[in-house]
>>> print(open('coords_21.tsv').read())   # TSV, C-alpha atoms
chain	number	residue	atom	x	y	z
A	809	MET	CA	96.08	136.61	231.13
A	810	PRO	CA	99.69	135.46	230.66
A	811	LYS	CA	101.94	136.79	227.91
A	812	ILE	CA	103.42	133.82	226.10
A	813	PRO	CA	106.49	133.86	223.84
A	814	VAL	CA	105.52	132.79	220.31
A	815	ALA	CA	107.81	129.75	220.48
A	816	LYS	CA	105.60	128.29	223.23
A	817	LEU	CA	102.26	128.77	221.46
A	818	GLU	CA	100.14	125.67	220.87
A	819	ALA	CA	97.00	124.99	218.91
A	820	GLY	CA	93.88	125.29	221.08
A	821	MET	CA	95.06	128.32	223.03
A	822	LYS	CA	92.75	131.32	222.98
A	823	LEU	CA	93.90	134.90	222.36
A	824	ALA	CA	93.19	137.22	225.29
A	825	LYS	CA	94.18	140.26	223.21
A	826	PRO	CA	94.25	140.83	219.47
A	827	VAL	CA	97.46	140.11	217.58
A	828	VAL	CA	98.47	143.43	216.04
A	829	GLY	CA	100.94	143.83	213.18
A	830	LYS	CA	103.72	146.40	213.06
A	831	ASN	CA	101.49	148.93	211.28
A	832	GLY	CA	98.84	148.69	213.96
A	833	MET	CA	96.44	146.54	211.92
A	834	VAL	CA	94.62	143.79	213.81
A	835	MET	CA	95.67	140.45	212.33
A	836	LEU	CA	93.75	138.11	214.65
A	837	GLY	CA	90.95	139.22	216.92
A	838	GLU	CA	90.56	138.81	220.65
A	839	GLY	CA	89.01	135.45	221.56
A	840	THR	CA	90.37	133.64	218.49
A	841	GLU	CA	91.14	130.00	219.20
A	842	LEU	CA	94.52	129.26	217.66
A	843	SER	CA	94.78	126.51	215.05
A	844	GLU	CA	98.09	125.00	213.89
A	845	THR	CA	97.95	127.35	210.90
A	846	TRP	CA	97.44	130.46	213.01
A	847	VAL	CA	100.30	129.49	215.30
A	848	GLU	CA	102.56	129.17	212.26
A	849	ARG	CA	101.42	132.50	210.84
A	850	ILE	CA	102.05	134.24	214.16
A	851	ARG	CA	105.55	132.75	214.26
A	852	ASP	CA	106.19	134.12	210.78
A	853	MET	CA	105.29	137.61	211.94
A	854	ASP	CA	107.87	139.71	213.71
A	855	ILE	CA	106.23	139.37	217.13
A	856	ALA	CA	107.86	138.32	220.41
A	857	SER	CA	104.84	137.26	222.44
A	858	VAL	CA	101.04	137.25	222.56
A	859	PHE	CA	98.42	137.33	225.31
A	860	ILE	CA	96.60	134.08	226.03
A	861	ASP	CA	93.52	133.43	228.17
A	862	GLY	CA	94.11	131.75	231.49
A	863	PRO	CA	95.63	132.37	234.90
A	864	PRO	CA	98.96	134.25	234.92
A	865	ILE	CA	102.13	132.19	235.09
A	866	GLN	CA	104.66	133.26	237.74
A	867	ALA	CA	108.29	133.50	236.71
A	868	ILE	CA	109.74	132.00	239.90
A	869	PRO	CA	108.44	129.36	242.35
A	870	ARG	CA	106.41	130.45	245.39
A	871	GLU	CA	109.11	129.65	247.98
A	872	GLU	CA	111.69	131.65	246.07
A	873	ALA	CA	109.33	134.61	245.71
A	874	LEU	CA	108.64	134.61	249.46
A	875	ALA	CA	112.32	134.23	250.35
A	876	ASN	CA	113.15	137.21	248.10
A	877	LEU	CA	110.46	139.21	249.86
A	878	GLU	CA	112.13	138.56	253.23
A	879	THR	CA	115.49	139.72	251.85
A	880	ARG	CA	114.02	142.89	250.37
A	881	PHE	CA	112.38	143.85	253.66
A	882	ALA	CA	115.27	142.82	255.95
A	883	ALA	CA	116.65	146.37	256.41
A	884	VAL	CA	113.29	147.97	257.28
A	885	GLU	CA	112.09	145.29	259.71
A	886	GLY	CA	110.25	146.93	262.63
A	887	LYS	CA	110.30	150.44	261.08
A	888	PRO	CA	106.99	152.34	261.35
A	889	HIS	CA	104.25	150.85	259.14
A	890	MET	CA	106.68	148.57	257.31
A	891	ASN	CA	105.51	145.37	259.00
A	892	LEU	CA	101.95	146.03	257.89
A	893	ILE	CA	103.05	146.79	254.34
A	894	LYS	CA	105.13	143.63	254.29
A	895	LYS	CA	102.18	141.60	255.50
A	896	ILE	CA	99.94	143.00	252.76
A	897	VAL	CA	102.52	142.41	250.01
A	898	LYS	CA	103.17	138.90	251.33
A	899	GLU	CA	99.48	138.01	251.20
A	900	HIS	CA	99.32	139.51	247.74
A	901	ILE	CA	102.24	137.40	246.48
A	902	GLU	CA	100.82	134.25	248.09
A	903	GLY	CA	97.56	135.02	246.30
A	904	LEU	CA	99.36	134.93	242.94
A	905	TYR	CA	100.17	131.24	243.43
A	906	GLU	CA	96.69	130.03	244.39
B	670	MET	CA	134.95	159.76	247.86
B	671	SER	CA	133.48	161.54	244.93
B	672	ASN	CA	135.57	163.46	242.48
B	673	ILE	CA	132.60	164.98	240.70
B	674	ASP	CA	131.68	168.56	241.55
B	675	SER	CA	127.90	168.89	241.73
B	676	LYS	CA	128.07	172.32	240.06
B	677	VAL	CA	129.86	170.78	237.09
B	678	LEU	CA	127.33	167.97	237.09
B	679	ARG	CA	124.46	170.44	237.03
B	680	TYR	CA	126.06	172.42	234.21
B	681	LYS	CA	126.44	169.25	232.17
B	682	VAL	CA	122.85	168.16	232.78
B	683	GLU	CA	121.48	171.57	231.85
B	684	ASN	CA	123.38	171.46	228.62
B	685	ILE	CA	122.00	168.07	227.75
B	686	ASN	CA	121.81	169.04	224.06
B	687	THR	CA	125.57	169.05	223.85
B	688	LEU	CA	126.09	165.75	225.64
B	689	PRO	CA	127.50	163.33	223.10
B	690	THR	CA	125.84	160.31	224.71
B	691	VAL	CA	122.30	161.62	224.51
B	692	PRO	CA	120.56	160.37	221.38
B	693	GLY	CA	119.10	162.63	218.70
B	694	VAL	CA	115.44	161.98	219.48
B	695	LEU	CA	115.79	163.24	223.01
B	696	LYS	CA	117.74	166.29	221.84
B	697	ARG	CA	115.07	167.19	219.26
B	698	LEU	CA	112.37	166.66	221.84
B	699	SER	CA	114.26	168.72	224.38
B	700	VAL	CA	114.37	171.67	221.95
B	701	ILE	CA	110.60	171.41	221.45
B	702	ILE	CA	109.51	171.07	225.06
B	703	GLU	CA	111.67	173.79	226.50
B	704	LYS	CA	110.14	176.46	224.25
B	705	PRO	CA	108.42	178.86	226.63
B	706	ARG	CA	105.28	179.34	224.58
B	707	ILE	CA	104.74	176.05	222.83
B	708	THR	CA	101.09	175.44	221.93
B	709	LEU	CA	99.08	172.24	221.83
B	710	VAL	CA	98.82	172.57	218.06
B	711	GLU	CA	102.60	172.75	217.64
B	712	ILE	CA	103.24	169.79	219.88
B	713	SER	CA	100.49	167.85	218.16
B	714	ALA	CA	102.10	168.56	214.78
B	715	PHE	CA	105.51	167.54	216.09
B	716	ILE	CA	104.14	164.15	217.16
B	717	SER	CA	102.04	163.62	214.03
B	718	ASN	CA	105.04	164.24	211.77
B	719	ASP	CA	106.78	161.21	213.23
B	720	PRO	CA	104.82	157.99	212.61
B	721	ALA	CA	106.87	155.94	215.07
B	722	LEU	CA	106.35	158.54	217.78
B	723	THR	CA	102.64	158.73	216.96
B	724	THR	CA	102.23	154.98	217.44
B	725	LYS	CA	104.09	155.07	220.74
B	726	VAL	CA	102.10	158.01	222.05
B	727	LEU	CA	98.77	156.40	221.16
B	728	LYS	CA	99.79	153.08	222.72
B	729	MET	CA	100.81	154.87	225.88
B	730	VAL	CA	97.62	156.97	226.08
B	731	ASN	CA	95.50	153.87	225.63
B	732	SER	CA	97.43	151.89	228.23
B	733	ALA	CA	96.70	151.18	231.87
B	734	ILE	CA	99.03	153.99	232.87
B	735	TYR	CA	96.24	156.47	232.19
B	736	GLY	CA	93.26	154.19	232.47
B	737	PHE	CA	90.94	156.07	230.09
B	738	PRO	CA	87.81	154.18	229.15
B	739	GLY	CA	87.41	153.67	225.41
B	740	ARG	CA	89.96	154.22	222.74
B	741	ILE	CA	91.81	157.36	221.77
B	742	ALA	CA	92.60	157.12	218.08
B	743	SER	CA	94.20	160.42	217.14
B	744	VAL	CA	97.05	162.53	218.42
B	745	SER	CA	94.93	165.69	218.41
B	746	HIS	CA	92.30	163.97	220.54
B	747	ALA	CA	95.01	162.76	222.91
B	748	THR	CA	96.55	166.21	223.27
B	749	MET	CA	93.16	167.81	223.93
B	750	LEU	CA	92.29	165.21	226.52
B	751	LEU	CA	95.59	165.24	228.38
B	752	GLY	CA	96.69	168.84	228.11
B	753	LEU	CA	100.09	170.31	227.50
B	754	ASN	CA	101.87	169.29	230.68
B	755	VAL	CA	100.81	165.67	230.60
B	756	ILE	CA	101.66	165.40	226.89
B	757	LYS	CA	105.12	166.85	227.50
B	758	GLY	CA	105.76	164.29	230.21
B	759	LEU	CA	104.35	161.49	228.16
B	760	LEU	CA	106.52	162.38	225.15
B	761	LEU	CA	109.53	162.26	227.38
B	762	GLY	CA	108.34	158.96	228.82
B	763	VAL	CA	108.09	157.27	225.43
B	764	SER	CA	111.41	158.74	224.34
B	765	VAL	CA	113.39	157.67	227.37
B	766	PHE	CA	111.85	154.21	227.19
B	767	GLU	CA	114.59	152.80	224.98
B	768	LEU	CA	117.24	154.62	226.93
B	769	MET	CA	115.99	153.11	230.16
B	770	GLN	CA	116.17	149.64	228.68
B	771	LYS	CA	119.68	150.23	227.39
B	772	THR	CA	121.04	151.84	230.52
B	773	MET	CA	119.45	149.96	233.42
B	774	ASN	CA	117.68	146.68	232.88
B	775	GLY	CA	114.35	146.84	234.69
B	776	LEU	CA	114.16	150.61	235.19
B	777	TYR	CA	111.38	150.95	232.66
B	778	GLU	CA	109.26	148.28	234.35
B	779	HIS	CA	109.90	150.00	237.67
B	780	SER	CA	108.79	153.34	236.22
B	781	LEU	CA	105.71	151.88	234.52
B	782	ALA	CA	104.55	150.13	237.66
B	783	CYS	CA	105.13	153.32	239.58
B	784	ALA	CA	103.04	155.28	237.06
B	785	ILE	CA	100.16	152.82	237.42
B	786	ALA	CA	100.37	152.77	241.22
B	787	SER	CA	100.56	156.56	241.41
B	788	ARG	CA	97.49	156.93	239.21
B	789	VAL	CA	95.45	154.45	241.26
B	790	ILE	CA	96.40	156.11	244.56
B	791	ALA	CA	95.62	159.56	243.10
B	792	GLN	CA	92.18	158.34	242.06
B	793	LYS	CA	91.58	156.86	245.51
B	794	LYS	CA	92.49	160.18	247.07
B	795	GLY	CA	90.16	161.98	244.67
B	796	LEU	CA	92.84	164.16	243.09
B	797	LYS	CA	91.64	166.19	240.14
B	798	GLU	CA	94.38	165.28	237.65
B	799	PRO	CA	95.39	161.66	238.17
B	800	GLU	CA	97.11	161.70	234.75
B	801	GLU	CA	99.59	164.28	235.98
B	802	ILE	CA	100.50	162.01	238.87
B	803	SER	CA	100.95	159.11	236.41
B	804	VAL	CA	103.48	161.19	234.53
B	805	ALA	CA	105.24	162.05	237.77
B	806	GLY	CA	105.43	158.33	238.58
B	807	LEU	CA	106.69	157.56	235.09
B	808	LEU	CA	109.43	160.18	235.21
B	809	HIS	CA	110.45	160.19	238.89
B	810	ASP	CA	113.70	158.32	238.17
B	811	ILE	CA	114.64	160.13	234.96
B	812	GLY	CA	117.76	161.44	236.70
B	813	LYS	CA	119.10	157.88	236.81
B	814	VAL	CA	118.95	157.65	233.02
B	815	ILE	CA	120.99	160.81	232.61
B	816	LEU	CA	123.55	159.76	235.23
B	817	LEU	CA	123.89	156.36	233.59
B	818	LEU	CA	124.29	157.86	230.13
B	819	GLU	CA	126.89	160.38	231.14
B	820	PHE	CA	128.74	158.49	233.89
B	821	PRO	CA	128.27	154.78	233.24
B	822	LYS	CA	131.44	153.72	235.10
B	823	GLU	CA	130.79	155.87	238.14
B	824	TYR	CA	127.18	154.71	238.27
B	825	GLU	CA	128.21	151.09	238.17
B	826	THR	CA	130.53	151.79	241.09
B	827	ALA	CA	127.58	153.34	242.94
B	828	MET	CA	125.41	150.27	242.26
B	829	ASN	CA	128.17	147.94	243.45
B	830	GLU	CA	128.70	150.05	246.57
B	831	ALA	CA	124.98	149.95	247.34
B	832	GLN	CA	125.02	146.17	247.00
B	833	ALA	CA	128.19	145.69	249.05
B	834	LYS	CA	127.35	148.06	251.88
B	835	GLY	CA	123.62	147.38	251.96
B	836	ILE	CA	122.81	151.05	251.41
B	837	SER	CA	120.23	152.48	249.02
B	838	ILE	CA	121.19	153.56	245.51
B	839	TYR	CA	120.12	157.07	246.55
B	840	GLU	CA	122.79	157.11	249.28
B	841	ALA	CA	125.36	155.51	246.99
B	842	GLU	CA	124.74	158.18	244.36
B	843	ARG	CA	125.30	160.91	246.91
B	844	ILE	CA	128.67	159.40	247.82
B	845	GLN	CA	129.65	158.98	244.19
B	846	PHE	CA	128.31	162.20	242.63
B	847	ASN	CA	127.71	164.63	245.54
B	848	ALA	CA	124.17	164.73	244.14
B	849	THR	CA	121.39	162.21	243.51
B	850	HIS	CA	119.12	161.19	240.66
B	851	ALA	CA	116.44	163.28	242.36
B	852	ASN	CA	118.59	166.43	241.98
B	853	VAL	CA	119.53	165.61	238.40
B	854	GLY	CA	115.92	164.87	237.48
B	855	SER	CA	114.68	168.13	238.97
B	856	TRP	CA	117.35	170.19	237.14
B	857	LEU	CA	116.17	168.68	233.90
B	858	ALA	CA	112.51	169.14	234.72
B	859	GLU	CA	113.20	172.82	235.46
B	860	LYS	CA	115.11	173.25	232.24
B	861	TRP	CA	112.25	171.60	230.38
B	862	ARG	CA	109.76	173.96	231.98
B	863	PHE	CA	107.71	171.30	233.65
B	864	PRO	CA	105.04	172.44	236.10
B	865	LYS	CA	106.28	173.23	239.58
B	866	ASN	CA	104.41	170.28	241.09
B	867	LEU	CA	106.12	167.78	238.82
B	868	ILE	CA	109.54	169.28	239.52
B	869	GLU	CA	108.90	168.93	243.26
B	870	VAL	CA	107.74	165.34	242.98
B	871	ILE	CA	110.92	164.42	241.12
B	872	GLU	CA	113.13	166.37	243.51
B	873	PHE	CA	111.58	165.16	246.76
B	874	HIS	CA	110.26	161.68	246.08
B	875	HIS	CA	112.79	160.36	248.60
B	876	ARG	CA	112.12	163.16	251.13
B	877	PRO	CA	108.43	163.92	250.66
B	878	THR	CA	108.10	166.24	253.66
B	879	LEU	CA	110.29	168.86	251.95
B	880	SER	CA	107.75	169.48	249.20
B	881	LYS	CA	106.02	172.84	249.70
B	882	ASN	CA	103.72	173.07	246.68
B	883	ALA	CA	102.86	169.43	246.07
B	884	PRO	CA	103.07	167.49	249.35
B	885	MET	CA	100.22	165.15	248.40
B	886	GLU	CA	101.54	164.38	244.92
B	887	THR	CA	105.02	163.82	246.29
B	888	ALA	CA	103.72	161.54	249.04
B	889	ILE	CA	101.83	159.51	246.42
B	890	VAL	CA	104.89	158.88	244.24
B	891	HIS	CA	107.00	158.23	247.36
B	892	PHE	CA	104.53	155.57	248.45
B	893	ALA	CA	104.14	154.12	244.94
B	894	ASP	CA	107.93	153.84	244.56
B	895	MET	CA	108.15	151.92	247.85
B	896	LEU	CA	105.24	149.62	246.97
B	897	VAL	CA	106.64	148.79	243.53
B	898	ARG	CA	109.93	147.83	245.15
B	899	ALA	CA	108.10	145.80	247.78
B	900	ARG	CA	106.38	143.82	245.04
B	901	ALA	CA	109.67	143.71	243.03
B	902	PHE	CA	108.44	144.96	239.69
B	903	GLY	CA	111.49	145.87	237.63
B	904	PHE	CA	114.78	147.12	239.02
B	905	ALA	CA	115.82	150.58	240.17
B	906	GLY	CA	119.45	150.21	241.23
B	907	GLU	CA	119.30	147.81	244.19
B	908	ASN	CA	116.80	145.34	245.58
B	909	MET	CA	115.84	146.89	248.89
B	910	VAL	CA	112.49	148.20	250.04
B	911	PRO	CA	113.01	151.75	251.34
B	912	GLU	CA	111.45	152.89	254.60
B	913	ILE	CA	108.18	154.74	254.16
B	914	ASN	CA	108.17	158.29	255.46
B	915	PRO	CA	105.69	158.23	258.39
B	916	VAL	CA	104.39	161.74	257.64
B	917	ALA	CA	103.66	160.78	254.03
B	918	TYR	CA	102.01	157.59	255.25
B	919	GLU	CA	99.74	159.47	257.61
B	920	MET	CA	98.89	162.01	254.95
B	921	LEU	CA	97.75	159.33	252.51
B	922	LYS	CA	95.82	157.28	255.09
B	923	LEU	CA	95.51	154.33	252.72
B	924	SER	CA	93.58	151.42	254.17
B	925	GLU	CA	94.73	147.82	253.86
B	926	THR	CA	92.11	147.32	251.13
B	927	ASP	CA	93.36	150.41	249.28
B	928	ILE	CA	96.91	149.05	249.22
B	929	LYS	CA	95.67	145.66	248.05
B	930	ASP	CA	93.72	147.34	245.25
B	931	VAL	CA	96.84	149.18	244.11
B	932	LEU	CA	98.80	145.91	244.05
B	933	ASN	CA	96.07	144.14	242.08
B	934	GLU	CA	95.80	146.96	239.58
B	935	MET	CA	99.55	146.81	238.96
B	936	GLU	CA	99.42	143.03	238.65
B	937	ASP	CA	96.63	143.14	236.08
B	938	ASN	CA	98.22	145.81	233.94
B	939	MET	CA	101.97	145.31	233.97
B	940	ASP	CA	102.08	142.74	231.17
B	941	SER	CA	100.08	144.80	228.75
B	942	ALA	CA	101.77	148.04	229.80
B	943	GLU	CA	105.19	146.59	229.00
B	944	ASP	CA	103.96	146.12	225.46
B	945	ILE	CA	104.10	149.84	224.80
B	946	SER	CA	107.52	149.66	223.19
>>> encode(input="coords_21.tsv", output="structure tokens")
Amino acid sequence: MPKIPVAKLEAGMKLAKPVVGKNGMVMLGEGTELSETWVERIRDMDIASVFIDGPPIQAIPREEALANLETRFAAVEGKPHMNLIKKIVKEHIEGLYE
Amino acid sequence: MSNIDSKVLRYKVENINTLPTVPGVLKRLSVIIEKPRITLVEISAFISNDPALTTKVLKMVNSAIYGFPGRIASVSHATMLLGLNVIKGLLLGVSVFELMQKTMNGLYEHSLACAIASRVIAQKKGLKEPEEISVAGLLHDIGKVILLLEFPKEYETAMNEAQAKGISIYEAERIQFNATHANVGSWLAEKWRFPKNLIEVIEFHHRPTLSKNAPMETAIVHFADMLVRARAFGFAGENMVPEINPVAYEMLKLSETDIKDVLNEMEDNMDSAEDIS
């Protein structure tokens, strides 16, 4: 369920969460398939992003994410339990890209 | 070395209402929550009188941080359900939200993820009040906000030092201020009359074995903090994963599956939780 900035919305996308106006009123319900008109209306509202159905989009490429993980863990390498935790987090991050 | 006396620092923090850099909302809130005999009705009225605050509180209560099934539509319902201590913490959480974003980019995401992780671990361990642990996770780094507001230059030096020397921000703070965000946070929590358990979690989340009254709660937030950094949600001062305290690890006895569940729960909920603003 990725959060997509309104500028990148396209017709045919499906809302994973309702679009809610500033006063808390639901403007478009969950599951609505966006038409050109809806996309325009959403852009006219003061909203930064909306939730769209589909697999999440990762901000950085897989290799970069895994390299960053190595850097973060460098100082605790070999410390009690840290190798296991690193392994679990690594598998988790790899899972995000499948 | 530091030129800040920790006694002076503590005095300043305890007189937060007179700090020029602290915004009005937080000052008003501070006056309300430090009243010794505040009632649920009073606090409910305080929230309801402020429409913006009401919206924020309801969004927060209905978010993944607490994980209630169904929807909570009114402030009075929320206060009844959560109780005084959780509501106090939650009010503070929504109020420091903007401050966190202004002072340290990523600190709010870090705190949110930590709140979610703490709640999930608390539920796995069968603790009675997982919401209280959420609040502890949400507020564990509140001391950083105050340090950043009052000493922006010195804090930047501390962050640069941490980066340059490869030490944790916790260590860098100690060099810079003779105290850490954990101390500052606990002084505030005491002043605000938070429950003893919450004060201890904030004070000892880097040294969980020192907690006398809330060792389990402290261990949970200590673990959650580490796991959030391992997954790199948000930013808390530097980009290093801290070492887990082995005693805390043994106390929690989380299985590999448990840890994976916590990660997945954070993953599923971070996007929508960030929407609380």
>>> atom_distance(input="coords_21.tsv", atom1="CA of Val755 in chain B", atom2="CA of Val804 in chain B")
6.5 Å
>>> closest_residue(input="coords_21.tsv", among="A:Leu836, A:Leu842, A:Ile812, A:Ile901", to="Asn876 in chain A", atoms="only C-alpha atoms")
A:Ile901
>>> closest_residue(input="coords_21.tsv", among="A:Met853, A:Lys894, A:Glu844, A:Pro810", to="Val827 in chain A", atoms="all atoms listed in the file")
A:Met853
>>> atom_distance(input="coords_21.tsv", atom1="CA of Glu872 in chain B", atom2="CA of Gly758 in chain B")
15.3 Å
>>> closest_atom_pairs(input="coords_21.tsv", of="range 837-893 of chain A", to="range 908-919 of chain B", cutoff="10 Å", atoms="all atoms listed in the file", output="Markdown table")
| residue | atom | partner | partner_atom | distance |
| --- | --- | --- | --- | --- |
| A:Asn876 | CA | B:Asn908 | CA | 9.3 |
| A:Leu877 | CA | B:Val910 | CA | 9.2 |
| A:Thr879 | CA | B:Met909 | CA | 7.8 |
| A:Arg880 | CA | B:Met909 | CA | 4.6 |
| A:Phe881 | CA | B:Val910 | CA | 5.7 |
| A:Ala882 | CA | B:Met909 | CA | 8.2 |
| A:Ala883 | CA | B:Met909 | CA | 7.6 |
| A:Val884 | CA | B:Glu912 | CA | 5.9 |
| A:Glu885 | CA | B:Glu912 | CA | 9.2 |
| A:Lys887 | CA | B:Glu912 | CA | 7.0 |
| A:Pro888 | CA | B:Pro915 | CA | 6.7 |
| A:His889 | CA | B:Ile913 | CA | 7.4 |
| A:Met890 | CA | B:Glu912 | CA | 7.0 |
| A:Ile893 | CA | B:Ile913 | CA | 9.5 |
>>> atom_distance(input="coords_21.tsv", atom1="CA of Ile871 in chain B", atom2="CA of Asp810 in chain B")
7.3 Å
>>> interface_residues(input="coords_21.tsv", of="chain B", to="chain A", cutoff="12 Å", atoms="only C-alpha atoms", output="PyMOL selection string")
chain B and resi 720-721+723-725+727-728+742+832+834-837+892-893+895-902+907-919+922-944+946
>>> residues_around(input="coords_21.tsv", residues="range 778-794 of chain B", least_positions_apart="2", cutoff="6 Å", atoms="all atoms listed in the file", output="ChimeraX atom specification")
/B:734,775-776,796,799,802-803,806-807,889-890,893-894,902-904,931
>>> closest_residue(input="coords_21.tsv", among="B:Glu886, B:Glu819, B:Asp674, B:Glu767", to="Leu688 in chain B", atoms="only C-alpha atoms")
B:Glu819
>>> residues_near_point(input="coords_21.tsv", point="(122.6, 151.1, 242.1)", cutoff="9 Å", atoms="all atoms listed in the file", output="PyMOL selection string")
chain B and resi 824-832+837-839+841-842+905-908
>>> residues_around(input="coords_21.tsv", residues="Pro826 in chain A", least_positions_apart="6", cutoff="10 Å", atoms="all atoms listed in the file", output="number ranges by chain")
A: 833-840, 858-860
>>> closest_residue(input="coords_21.tsv", among="B:Lys681, B:Lys704, B:His746, B:Lys696", to="Ser717 in chain B", atoms="all atoms listed in the file")
B:His746
